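The next block holds one structure in the form of structure tokens; read it before the comments.
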Amino acid sequence: MMLIAIIAATVVLMALGFEMLLVLGLPTLAIKEVFYGRLPDVVFVQKLLGGINHSTLLAIPFFLFAAQLMASGQITRRLMGLVSAMLGHTRGGIGHTVIGGSMAFGSVSGSAPATVAALGGMVYPELRKSGYSEKFSLGLIVSSAETALLIPPSITFIVYGWMTGTSVAQLFAGGLAIGVVLALIFGLLVMFHAARQNVTARPRVPWKQRLEALIAAGWALGMPIIILGGIYSGTFTPTEAAAVSVVYAIFVEAVIYRELSFSKLVEICEASAISTAVIFVLLAFGGVLSFFVTLAHVPTSISAFLAAIDAGPILFLLILNVCFLIAGMFIDPNSALLILVPPLFPVATSLGIDPVHLGMIVTLNISLGMITPPFGLDLFVASSTLDKPVTKIIAGVWPFVVANLIALLIVTYIPQISLFIPNLLFR
């Protein structure tokens with residue numbers, strides 16, 4: 001009954017155009033009053049604040065801040081210059097550069113919208129000059145940013161790890177393989193399109209210039225090396241690595257590249273604070289909603305239903321993928337996580353599905369939701385960044401949606417891809 005009430009209230013509020021804060025908050029308040037009226041109000045406040053009082057979540061504002069610092073300075077440009085020097089001469093050249101650049105930026109930002117905003121204006125003119133169609137160029141920019149949610153450090157992995165108690169370091173390790181799988185599928189799509197449209201490749205860059213690009217990007221490359229190396233060597237926790245990334249970004253941009261002024265730093269702090277506040281308000285209400293979902297034994301009810309229809313892991317994962325696909329069309333990724341993971345995670349573990357494997361499936365679904373019309377978040381970020389109508393961007397993403405679905409099927413039903421690196425490093 002409660003699950004039906006939550007879904008119905010959420011759908012109605014979304015249809016009426018309410019902000020996601022109210023879409024999560026109002027049903028939660030209503031559930032408390034209708035089903036748990038005797039529960040003291042102080043418990044609601046405790047769950048609201050206590051849900052986000054977790055050290056793991058401190059990584060989110062730090063990584064958002066680091067991403068803003070990179071996007072506004074030289075780090076991003078130099079990373080893109082290095083990727084272009086290494087991949088620009090291949091068939092589809094600049095297209096592969098966009099994918100590689102998104103992975104490089106994602107390896108220090110963990111945010112798909114930040115990747116679109118940082119790289120979009122930089123690579124779109126180059127794609128068009130090389131002969132890519134407008135639709136494909138827009139679709140590639142939006143879709144390749146998804147790799148930022150899979151290549152560690154991923155904010156989505158941090159949220160999922162906080163919600164489920166799964167090791168964030170193991171999720172990061174699994175995301176390396178899944179990010180590469182998605183990038184390779186996108187790369188094949190770029191090669192196919194480049195061959196059909198006769199897209200020109202850049203001249204092969206001499207090794208001397210590649211070395212110069214590598215040296216120029218040396219300080220920029222230091223950030224992913226420090227973050228990932230520190231986490232996997234056990235020197236840093238993910239949260240500590242996030243804090244180190246901010247200090248390193250400020251040092252490189254202000255001292256080495258001399259691009260960061262005090263006034264610019266204040267502006268970046270303000271933008272990062274707003275982004276952080278939006279995420280944490282949603283996480284707070286999501287934590288309360290998760291509490292009521294657990295209190296109502298919703299996971300037990302779902303397990304009983306699946307047992308009644310004799311559903312095993314394969315059918316469950318298919319249902320999970322469909323639920324996240326539909327949710328991704330209408331709500332932002334953090335909200336989809338907060339609504340769907342609490343009732344589905346206990347069921348998945350009872351069916352013997354590895355939490356790390358499930359995290360890869362969920363995050364890949366979230367990535368797909370970022371580009372799925374009508375309300376994929378990255379569609380609107382790209383529209384604002386590139387000053388293009390959302391309808392044009394939607395028209396360009398469909399080949400990448402298909403590519404995503406192929407990657408999702410592979411990752412869902414071949415768990416070894418997700419678990420190979422975590423098993424190698426941690427088990």
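Ligands are numbered from 1 in the order shown, chains are lettered A, B, ... in the order of the structure tokens, and residues start at 1 in each chain.
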Return as a PyMOL selection string the full set of residues in segment 49-251 of chain A whose backbone-based DSSP assignment is alpha helix (DSSP H). chain A and resi 49-50+59-71+74-87+93-109+112-129+134-144+147-150+155-164+168-197+207-216+218-232+238-251
Go through A:Leu182, A:Val159, A:Val356, A:Met122 and flag the residue nearest Met103 of chain A, using only C-alpha atoms for the distances.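 Checking each candidate against Met103 of chain A, we get A:Leu182 as the closest.
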Set the distance at 8 Å and use only C-alpha atoms: which residues neighbour segment 215-232 of chain A once local chain neighbours fewer than 6 positions away are removed? I'd like the list as a PyMOL selection string. chain A and resi 75-76+78-79+81-82+107-108+152-153+169+238+241-242+244-245+248-249+252+425
Keeping only N, CA, C and O atoms, write those residues as a compact mmCIF listing (two decimals), in the first residue's frame.
```
# COMPACT_ATOMS: atom_id res chain seq x y z
N ILE A 75 43.65 22.88 -16.76
CA ILE A 75 43.77 21.43 -16.60
C ILE A 75 42.97 20.71 -17.68
O ILE A 75 43.48 19.80 -18.35
N THR A 76 41.73 21.11 -17.88
CA THR A 76 40.88 20.46 -18.88
C THR A 76 41.45 20.63 -20.28
O THR A 76 41.50 19.68 -21.08
N ARG A 78 44.50 21.13 -21.27
CA ARG A 78 45.73 20.37 -21.49
C ARG A 78 45.47 18.87 -21.57
O ARG A 78 46.14 18.16 -22.33
N LEU A 79 44.52 18.39 -20.80
CA LEU A 79 44.13 16.99 -20.93
C LEU A 79 43.57 16.71 -22.32
O LEU A 79 43.89 15.71 -22.96
N GLY A 81 44.20 18.42 -25.02
CA GLY A 81 45.29 18.53 -25.98
C GLY A 81 46.09 17.24 -26.08
O GLY A 81 46.47 16.81 -27.18
N LEU A 82 46.31 16.60 -24.95
CA LEU A 82 47.04 15.33 -24.94
C LEU A 82 46.24 14.23 -25.63
O LEU A 82 46.78 13.49 -26.47
N SER A 107 37.72 11.26 -14.86
CA SER A 107 38.62 10.63 -13.89
C SER A 107 39.03 11.57 -12.77
O SER A 107 39.67 11.12 -11.81
N VAL A 108 38.66 12.82 -12.87
CA VAL A 108 38.96 13.76 -11.78
C VAL A 108 37.75 14.56 -11.32
O VAL A 108 37.83 15.32 -10.37
N PRO A 152 36.12 6.13 -12.27
CA PRO A 152 36.26 6.73 -10.94
C PRO A 152 37.09 8.01 -10.98
O PRO A 152 37.96 8.13 -11.85
N PRO A 153 36.82 8.96 -10.08
CA PRO A 153 35.87 8.88 -8.98
C PRO A 153 34.47 9.34 -9.41
O PRO A 153 34.33 10.45 -9.93
N ALA A 169 35.65 2.02 -2.78
CA ALA A 169 36.87 1.69 -3.51
C ALA A 169 36.63 0.52 -4.47
O ALA A 169 37.12 0.53 -5.61
N PRO A 238 38.39 7.43 -0.28
CA PRO A 238 37.81 8.26 -1.35
C PRO A 238 37.53 9.69 -0.90
O PRO A 238 37.72 10.64 -1.67
N ALA A 241 40.80 11.52 -0.73
CA ALA A 241 41.28 11.76 -2.09
C ALA A 241 40.55 12.95 -2.72
O ALA A 241 41.15 13.74 -3.46
N ALA A 242 39.26 13.08 -2.42
CA ALA A 242 38.49 14.22 -2.95
C ALA A 242 39.04 15.54 -2.42
O ALA A 242 39.17 16.52 -3.16
N VAL A 244 42.10 16.09 -1.31
CA VAL A 244 43.42 16.28 -1.92
C VAL A 244 43.28 16.82 -3.34
O VAL A 244 44.07 17.67 -3.77
N SER A 245 42.26 16.34 -4.08
CA SER A 245 42.08 16.80 -5.46
C SER A 245 41.80 18.30 -5.52
O SER A 245 42.25 18.99 -6.45
N TYR A 248 45.11 20.14 -4.79
CA TYR A 248 46.00 19.99 -5.95
C TYR A 248 45.53 20.89 -7.10
O TYR A 248 46.35 21.56 -7.75
N ALA A 249 44.21 20.91 -7.35
CA ALA A 249 43.68 21.73 -8.46
C ALA A 249 43.94 23.21 -8.21
O ALA A 249 44.33 23.95 -9.13
N VAL A 252 47.75 23.86 -8.78
CA VAL A 252 48.16 23.81 -10.18
C VAL A 252 47.63 25.02 -10.95
O VAL A 252 48.37 25.67 -11.70
N LEU A 425 41.98 -6.73 -6.94
CA LEU A 425 42.60 -5.77 -6.02
C LEU A 425 42.24 -5.99 -4.56
O LEU A 425 43.06 -5.70 -3.67
```
Which is closest to Gly286 of chain A among A:Ala104, A:Ala145, A:Leu49, A:Met370, if we use only C-alpha atoms?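 Closest candidate: A:Leu49.
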What is the atom CA of Leu260 of chain A-atom CA of Phe63 of chain A distance in Å, reported with one decimal?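 Straight-line distance from atom CA of Leu260 of chain A to atom CA of Phe63 of chain A works out to 17.6 Å.
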Determine, using only C-alpha atoms, which residues of segment 111-166 of chain A have any atom at most 12 Å from an atom of segment 391-402 of chain A, and tabulate each with its shortest atom pair and distance in Å to one decimal place, rows ordered by chain and then rising number, as JSON lines.
```
{"residue": "A:Tyr132", "atom": "CA", "partner": "A:Gly396", "partner_atom": "CA", "distance": 11.4}
{"residue": "A:Ser133", "atom": "CA", "partner": "A:Gly396", "partner_atom": "CA", "distance": 9.2}
{"residue": "A:Glu134", "atom": "CA", "partner": "A:Gly396", "partner_atom": "CA", "distance": 7.9}
{"residue": "A:Lys135", "atom": "CA", "partner": "A:Gly396", "partner_atom": "CA", "distance": 4.2}
{"residue": "A:Phe136", "atom": "CA", "partner": "A:Gly396", "partner_atom": "CA", "distance": 5.1}
{"residue": "A:Ser137", "atom": "CA", "partner": "A:Gly396", "partner_atom": "CA", "distance": 7.4}
{"residue": "A:Leu138", "atom": "CA", "partner": "A:Ile393", "partner_atom": "CA", "distance": 5.6}
{"residue": "A:Gly139", "atom": "CA", "partner": "A:Val397", "partner_atom": "CA", "distance": 4.2}
{"residue": "A:Leu140", "atom": "CA", "partner": "A:Val397", "partner_atom": "CA", "distance": 7.2}
{"residue": "A:Ile141", "atom": "CA", "partner": "A:Val397", "partner_atom": "CA", "distance": 9.3}
{"residue": "A:Val142", "atom": "CA", "partner": "A:Val397", "partner_atom": "CA", "distance": 7.6}
{"residue": "A:Ser143", "atom": "CA", "partner": "A:Phe400", "partner_atom": "CA", "distance": 6.5}
{"residue": "A:Ser144", "atom": "CA", "partner": "A:Phe400", "partner_atom": "CA", "distance": 8.8}
{"residue": "A:Ala145", "atom": "CA", "partner": "A:Phe400", "partner_atom": "CA", "distance": 11.5}
{"residue": "A:Glu146", "atom": "CA", "partner": "A:Phe400", "partner_atom": "CA", "distance": 10.5}
```
With all heavy atoms retained, export the selected residues as a compact mmCIF listing (two decimals), in the first residue's frame.
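New file out.txt:
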```
# COMPACT_ATOMS: atom_id res chain seq x y z
N TYR A 132 31.59 15.89 -39.09
CA TYR A 132 30.51 15.23 -38.37
C TYR A 132 29.22 16.04 -38.53
O TYR A 132 29.25 17.28 -38.50
CB TYR A 132 30.84 15.10 -36.88
CG TYR A 132 31.84 14.02 -36.56
CD1 TYR A 132 33.20 14.32 -36.43
CD2 TYR A 132 31.44 12.71 -36.39
CE1 TYR A 132 34.12 13.32 -36.13
CE2 TYR A 132 32.36 11.71 -36.09
CZ TYR A 132 33.70 12.03 -35.96
OH TYR A 132 34.61 11.04 -35.68
N SER A 133 28.11 15.35 -38.67
CA SER A 133 26.82 16.05 -38.77
C SER A 133 26.50 16.72 -37.44
O SER A 133 27.04 16.35 -36.39
CB SER A 133 25.71 15.06 -39.12
OG SER A 133 25.51 14.13 -38.05
N GLU A 134 25.62 17.70 -37.49
CA GLU A 134 25.25 18.42 -36.27
C GLU A 134 24.62 17.48 -35.26
O GLU A 134 24.95 17.50 -34.07
CB GLU A 134 24.29 19.56 -36.61
CG GLU A 134 23.89 20.39 -35.39
CD GLU A 134 22.91 21.48 -35.73
OE1 GLU A 134 22.03 21.25 -36.57
OE2 GLU A 134 23.01 22.58 -35.14
N LYS A 135 23.70 16.64 -35.73
CA LYS A 135 23.01 15.72 -34.81
C LYS A 135 23.98 14.77 -34.13
O LYS A 135 23.93 14.58 -32.92
CB LYS A 135 21.94 14.91 -35.57
CG LYS A 135 20.71 15.71 -35.96
CD LYS A 135 19.54 14.81 -36.30
CE LYS A 135 19.89 13.80 -37.37
NZ LYS A 135 18.70 12.98 -37.76
N PHE A 136 24.87 14.17 -34.92
CA PHE A 136 25.80 13.21 -34.34
C PHE A 136 26.77 13.90 -33.38
O PHE A 136 27.11 13.35 -32.33
CB PHE A 136 26.58 12.49 -35.44
CG PHE A 136 27.36 11.30 -34.94
CD1 PHE A 136 26.76 10.05 -34.86
CD2 PHE A 136 28.69 11.43 -34.54
CE1 PHE A 136 27.47 8.95 -34.39
CE2 PHE A 136 29.41 10.34 -34.08
CZ PHE A 136 28.79 9.10 -34.00
N SER A 137 27.21 15.10 -33.73
CA SER A 137 28.12 15.85 -32.86
C SER A 137 27.49 16.12 -31.50
O SER A 137 28.12 15.92 -30.45
CB SER A 137 28.53 17.16 -33.52
OG SER A 137 29.20 16.95 -34.73
N LEU A 138 26.25 16.58 -31.53
CA LEU A 138 25.56 16.87 -30.27
C LEU A 138 25.34 15.59 -29.46
O LEU A 138 25.55 15.57 -28.24
CB LEU A 138 24.22 17.55 -30.57
CG LEU A 138 24.30 18.95 -31.20
CD1 LEU A 138 22.92 19.42 -31.64
CD2 LEU A 138 24.92 19.95 -30.24
N GLY A 139 24.93 14.53 -30.15
CA GLY A 139 24.72 13.26 -29.45
C GLY A 139 25.99 12.71 -28.84
O GLY A 139 25.98 12.19 -27.72
N LEU A 140 27.10 12.85 -29.55
CA LEU A 140 28.38 12.34 -29.06
C LEU A 140 28.83 13.11 -27.82
O LEU A 140 29.30 12.51 -26.84
CB LEU A 140 29.44 12.44 -30.15
CG LEU A 140 30.86 12.03 -29.77
CD1 LEU A 140 30.89 10.57 -29.33
CD2 LEU A 140 31.81 12.25 -30.94
N ILE A 141 28.71 14.42 -27.85
CA ILE A 141 29.13 15.24 -26.70
C ILE A 141 28.34 14.87 -25.46
O ILE A 141 28.90 14.67 -24.37
CB ILE A 141 28.97 16.74 -27.02
CG1 ILE A 141 29.99 17.17 -28.08
CG2 ILE A 141 29.12 17.59 -25.76
CD1 ILE A 141 29.73 18.55 -28.65
N VAL A 142 27.02 14.76 -25.62
CA VAL A 142 26.15 14.45 -24.47
C VAL A 142 26.42 13.04 -23.96
O VAL A 142 26.53 12.81 -22.75
CB VAL A 142 24.67 14.61 -24.87
CG1 VAL A 142 23.76 14.11 -23.76
CG2 VAL A 142 24.36 16.07 -25.18
N SER A 143 26.51 12.09 -24.88
CA SER A 143 26.60 10.68 -24.48
C SER A 143 27.97 10.31 -23.93
O SER A 143 28.06 9.54 -22.97
CB SER A 143 26.28 9.79 -25.68
OG SER A 143 25.00 10.10 -26.20
N SER A 144 29.04 10.83 -24.52
CA SER A 144 30.38 10.46 -24.04
C SER A 144 30.60 10.94 -22.60
O SER A 144 31.42 10.36 -21.87
CB SER A 144 31.46 11.04 -24.96
OG SER A 144 31.40 12.45 -24.99
N ALA A 145 29.86 11.97 -22.18
CA ALA A 145 29.99 12.44 -20.80
C ALA A 145 29.53 11.41 -19.79
O ALA A 145 29.89 11.49 -18.60
CB ALA A 145 29.19 13.73 -20.61
N GLU A 146 28.75 10.42 -20.25
CA GLU A 146 28.31 9.36 -19.34
C GLU A 146 29.48 8.61 -18.71
O GLU A 146 29.36 8.09 -17.60
CB GLU A 146 27.46 8.34 -20.09
CG GLU A 146 26.14 8.84 -20.60
CD GLU A 146 25.46 7.73 -21.38
OE1 GLU A 146 25.10 6.72 -20.77
OE2 GLU A 146 25.33 7.86 -22.60
```
Pick from A:Ile339, A:Leu150, A:Val266, A:Leu283: nearest to Leu364 of chain A, with only C-alpha atoms counted?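 Checking each candidate against Leu364 of chain A, we get A:Leu150 as the closest.
Atom CA of Pro422 of chain A is found 29.0 Å from atom CA of Thr276 of chain A.
Take the candidates A:Ile178, A:Gly93, A:Ala59, A:Ile268 and check each one against Ala195 of chain A using only C-alpha atoms; the shortest distance goes to A:Gly93.
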Tell me, as a PyMOL selection string, which residues lie within 10 Å of Phe316 of chain A, counting only C-alpha atoms; anything in the same chain fewer than 2 positions away does not count. chain A and resi 303+306+311-314+318-322+344+347-348+351+353
Please list as a PyMOL selection string every residue within 9 Å of Ile185 of chain A, counting only C-alpha atoms and excluding residues in the same chain fewer than 4 positions away. chain A and resi 180-181+189-190+403-404+406-407
File of the preceding selection, all heavy atoms, as a PDB file, in the first residue's frame:
```pdb
ATOM      1  N   VAL A 180      35.342   1.563 -19.618  1.00  0.00           N
ATOM      2  CA  VAL A 180      36.072   1.206 -20.834  1.00  0.00           C
ATOM      3  C   VAL A 180      35.160   0.481 -21.818  1.00  0.00           C
ATOM      4  O   VAL A 180      35.207   0.723 -23.031  1.00  0.00           O
ATOM      5  CB  VAL A 180      37.301   0.340 -20.487  1.00  0.00           C
ATOM      6  CG1 VAL A 180      37.934  -0.246 -21.738  1.00  0.00           C
ATOM      7  CG2 VAL A 180      38.331   1.173 -19.723  1.00  0.00           C
ATOM      8  N   VAL A 181      34.304  -0.419 -21.318  1.00  0.00           N
ATOM      9  CA  VAL A 181      33.357  -1.133 -22.195  1.00  0.00           C
ATOM     10  C   VAL A 181      32.449  -0.147 -22.923  1.00  0.00           C
ATOM     11  O   VAL A 181      32.261  -0.223 -24.149  1.00  0.00           O
ATOM     12  CB  VAL A 181      32.514  -2.134 -21.374  1.00  0.00           C
ATOM     13  CG1 VAL A 181      31.335  -2.654 -22.207  1.00  0.00           C
ATOM     14  CG2 VAL A 181      33.370  -3.298 -20.914  1.00  0.00           C
ATOM     15  N   LEU A 189      30.869   2.992 -32.707  1.00  0.00           N
ATOM     16  CA  LEU A 189      29.820   3.806 -33.337  1.00  0.00           C
ATOM     17  C   LEU A 189      30.422   5.004 -34.061  1.00  0.00           C
ATOM     18  O   LEU A 189      29.993   5.358 -35.177  1.00  0.00           O
ATOM     19  CB  LEU A 189      28.820   4.265 -32.266  1.00  0.00           C
ATOM     20  CG  LEU A 189      27.579   5.018 -32.754  1.00  0.00           C
ATOM     21  CD1 LEU A 189      26.780   4.179 -33.752  1.00  0.00           C
ATOM     22  CD2 LEU A 189      26.699   5.415 -31.555  1.00  0.00           C
ATOM     23  N   VAL A 190      31.428   5.632 -33.472  1.00  0.00           N
ATOM     24  CA  VAL A 190      32.108   6.758 -34.106  1.00  0.00           C
ATOM     25  C   VAL A 190      32.800   6.317 -35.394  1.00  0.00           C
ATOM     26  O   VAL A 190      32.718   6.984 -36.429  1.00  0.00           O
ATOM     27  CB  VAL A 190      33.133   7.380 -33.122  1.00  0.00           C
ATOM     28  CG1 VAL A 190      34.104   8.311 -33.861  1.00  0.00           C
ATOM     29  CG2 VAL A 190      32.415   8.150 -32.020  1.00  0.00           C
ATOM     30  N   ALA A 403      23.393   2.064 -28.258  1.00  0.00           N
ATOM     31  CA  ALA A 403      24.713   1.589 -27.820  1.00  0.00           C
ATOM     32  C   ALA A 403      24.728   1.359 -26.313  1.00  0.00           C
ATOM     33  O   ALA A 403      25.313   0.380 -25.811  1.00  0.00           O
ATOM     34  CB  ALA A 403      25.788   2.600 -28.217  1.00  0.00           C
ATOM     35  N   ASN A 404      24.077   2.239 -25.567  1.00  0.00           N
ATOM     36  CA  ASN A 404      23.972   2.082 -24.114  1.00  0.00           C
ATOM     37  C   ASN A 404      23.225   0.819 -23.737  1.00  0.00           C
ATOM     38  O   ASN A 404      23.611   0.104 -22.803  1.00  0.00           O
ATOM     39  CB  ASN A 404      23.234   3.282 -23.515  1.00  0.00           C
ATOM     40  CG  ASN A 404      24.169   4.338 -22.984  1.00  0.00           C
ATOM     41  OD1 ASN A 404      24.682   4.212 -21.887  1.00  0.00           O
ATOM     42  ND2 ASN A 404      24.417   5.373 -23.753  1.00  0.00           N
ATOM     43  N   ILE A 406      22.961  -1.900 -25.449  1.00  0.00           N
ATOM     44  CA  ILE A 406      23.835  -3.051 -25.720  1.00  0.00           C
ATOM     45  C   ILE A 406      24.833  -3.230 -24.572  1.00  0.00           C
ATOM     46  O   ILE A 406      25.038  -4.342 -24.066  1.00  0.00           O
ATOM     47  CB  ILE A 406      24.568  -2.856 -27.061  1.00  0.00           C
ATOM     48  CG1 ILE A 406      23.571  -2.891 -28.230  1.00  0.00           C
ATOM     49  CG2 ILE A 406      25.643  -3.925 -27.247  1.00  0.00           C
ATOM     50  CD1 ILE A 406      24.169  -2.499 -29.559  1.00  0.00           C
ATOM     51  N   ALA A 407      25.464  -2.107 -24.151  1.00  0.00           N
ATOM     52  CA  ALA A 407      26.407  -2.176 -23.029  1.00  0.00           C
ATOM     53  C   ALA A 407      25.715  -2.658 -21.758  1.00  0.00           C
ATOM     54  O   ALA A 407      26.282  -3.453 -20.986  1.00  0.00           O
ATOM     55  CB  ALA A 407      27.036  -0.803 -22.802  1.00  0.00           C
TER      56      ALA A 407
END
```
What lies within 12 Å of Val281 of chain A using only C-alpha atoms, ignoring chain neighbours under 2 positions off, as a PyMOL selection string? chain A and resi 19-22+24-25+48-49+51-52+274-279+283-288+334-335+338
Once you have the residues from the selection above, write them out as a short mmCIF file (atom, residue, chain, number, x, y, z; two decimals), in the first residue's frame, restricted to N, CA, C and O atoms.
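This is the output file part_16.cif:
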```
data_model
loop_
_atom_site.label_atom_id
_atom_site.label_comp_id
_atom_site.auth_asym_id
_atom_site.auth_seq_id
_atom_site.Cartn_x
_atom_site.Cartn_y
_atom_site.Cartn_z
N GLU A 19 9.19 20.87 -8.27
CA GLU A 19 10.62 20.63 -8.14
C GLU A 19 10.86 19.29 -7.45
O GLU A 19 10.03 18.82 -6.67
N MET A 20 12.04 18.68 -7.74
CA MET A 20 12.33 17.36 -7.19
C MET A 20 12.37 17.36 -5.67
O MET A 20 12.06 16.35 -5.03
N LEU A 21 12.73 18.50 -5.06
CA LEU A 21 12.71 18.59 -3.61
C LEU A 21 11.31 18.27 -3.09
O LEU A 21 11.13 17.52 -2.13
N LEU A 22 10.29 18.86 -3.73
CA LEU A 22 8.91 18.63 -3.30
C LEU A 22 8.40 17.27 -3.74
O LEU A 22 7.58 16.66 -3.05
N LEU A 24 10.07 14.56 -3.76
CA LEU A 24 10.52 13.63 -2.72
C LEU A 24 9.96 14.00 -1.35
O LEU A 24 9.59 13.12 -0.57
N GLY A 25 9.91 15.29 -1.05
CA GLY A 25 9.59 15.75 0.29
C GLY A 25 8.12 15.61 0.67
O GLY A 25 7.79 15.12 1.77
N LEU A 48 16.27 13.09 8.79
CA LEU A 48 16.55 14.07 7.75
C LEU A 48 18.01 14.52 7.80
O LEU A 48 18.71 14.55 6.78
N LEU A 49 18.47 14.84 9.00
CA LEU A 49 19.84 15.32 9.16
C LEU A 49 20.84 14.18 9.32
O LEU A 49 21.95 14.24 8.79
N GLY A 51 20.73 11.27 8.05
CA GLY A 51 20.96 10.54 6.81
C GLY A 51 22.14 11.05 6.01
O GLY A 51 22.78 10.29 5.28
N ILE A 52 22.42 12.36 6.12
CA ILE A 52 23.53 12.93 5.34
C ILE A 52 24.75 13.21 6.23
O ILE A 52 25.75 13.74 5.75
N ILE A 274 26.26 25.87 -4.48
CA ILE A 274 24.87 25.72 -4.95
C ILE A 274 24.63 24.29 -5.43
O ILE A 274 23.62 23.66 -5.07
N SER A 275 25.55 23.75 -6.22
CA SER A 275 25.40 22.38 -6.71
C SER A 275 25.37 21.39 -5.55
O SER A 275 24.57 20.44 -5.54
N THR A 276 26.23 21.61 -4.56
CA THR A 276 26.28 20.72 -3.40
C THR A 276 24.98 20.77 -2.61
O THR A 276 24.45 19.74 -2.18
N ALA A 277 24.45 21.99 -2.42
CA ALA A 277 23.22 22.14 -1.65
C ALA A 277 22.05 21.41 -2.31
O ALA A 277 21.26 20.74 -1.63
N VAL A 278 21.97 21.52 -3.63
CA VAL A 278 20.89 20.84 -4.36
C VAL A 278 20.96 19.33 -4.13
O VAL A 278 19.94 18.68 -3.84
N ILE A 279 22.16 18.76 -4.26
CA ILE A 279 22.32 17.32 -4.10
C ILE A 279 22.02 16.89 -2.67
O ILE A 279 21.30 15.91 -2.44
N LEU A 283 19.37 14.24 -1.03
CA LEU A 283 19.86 13.10 -0.27
C LEU A 283 19.20 13.04 1.12
O LEU A 283 18.89 11.95 1.61
N ALA A 284 18.99 14.19 1.73
CA ALA A 284 18.38 14.22 3.06
C ALA A 284 16.96 13.67 3.02
O ALA A 284 16.59 12.80 3.82
N PHE A 285 16.16 14.16 2.08
CA PHE A 285 14.78 13.67 1.98
C PHE A 285 14.75 12.23 1.50
O PHE A 285 13.89 11.44 1.89
N GLY A 286 15.70 11.87 0.64
CA GLY A 286 15.77 10.49 0.19
C GLY A 286 16.08 9.54 1.33
O GLY A 286 15.57 8.41 1.38
N GLY A 287 16.91 10.00 2.28
CA GLY A 287 17.21 9.18 3.45
C GLY A 287 15.99 8.92 4.30
O GLY A 287 15.78 7.80 4.80
N VAL A 288 15.14 9.93 4.47
CA VAL A 288 13.90 9.76 5.23
C VAL A 288 12.96 8.81 4.51
O VAL A 288 12.34 7.93 5.11
N ASN A 334 20.12 11.24 -8.97
CA ASN A 334 20.14 11.05 -7.53
C ASN A 334 18.77 10.66 -6.99
O ASN A 334 18.64 9.81 -6.11
N SER A 335 17.72 11.27 -7.55
CA SER A 335 16.37 10.94 -7.12
C SER A 335 16.01 9.50 -7.49
O SER A 335 15.37 8.78 -6.71
N LEU A 338 17.64 7.29 -4.98
CA LEU A 338 17.03 7.37 -3.66
C LEU A 338 15.68 6.69 -3.60
O LEU A 338 15.27 6.15 -2.56
#
```
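Within 10 Å of Gly376 of chain A, once only C-alpha atoms are used and residues closer than 2 positions along the same chain are dropped, the contacting residues are Gly328, Met329, Phe330, Ile331, Asp332, Pro333, Ile366, Ser367, Leu368, Gly369, Met370, Ile371, Thr372, Pro373, Pro374, Asp378, Leu379, Phe380, Val381 and Ile394 of chain A.
Put simply, atom CA of Lys388 of chain A is 16.2 Å away from atom CA of Glu126 of chain A.
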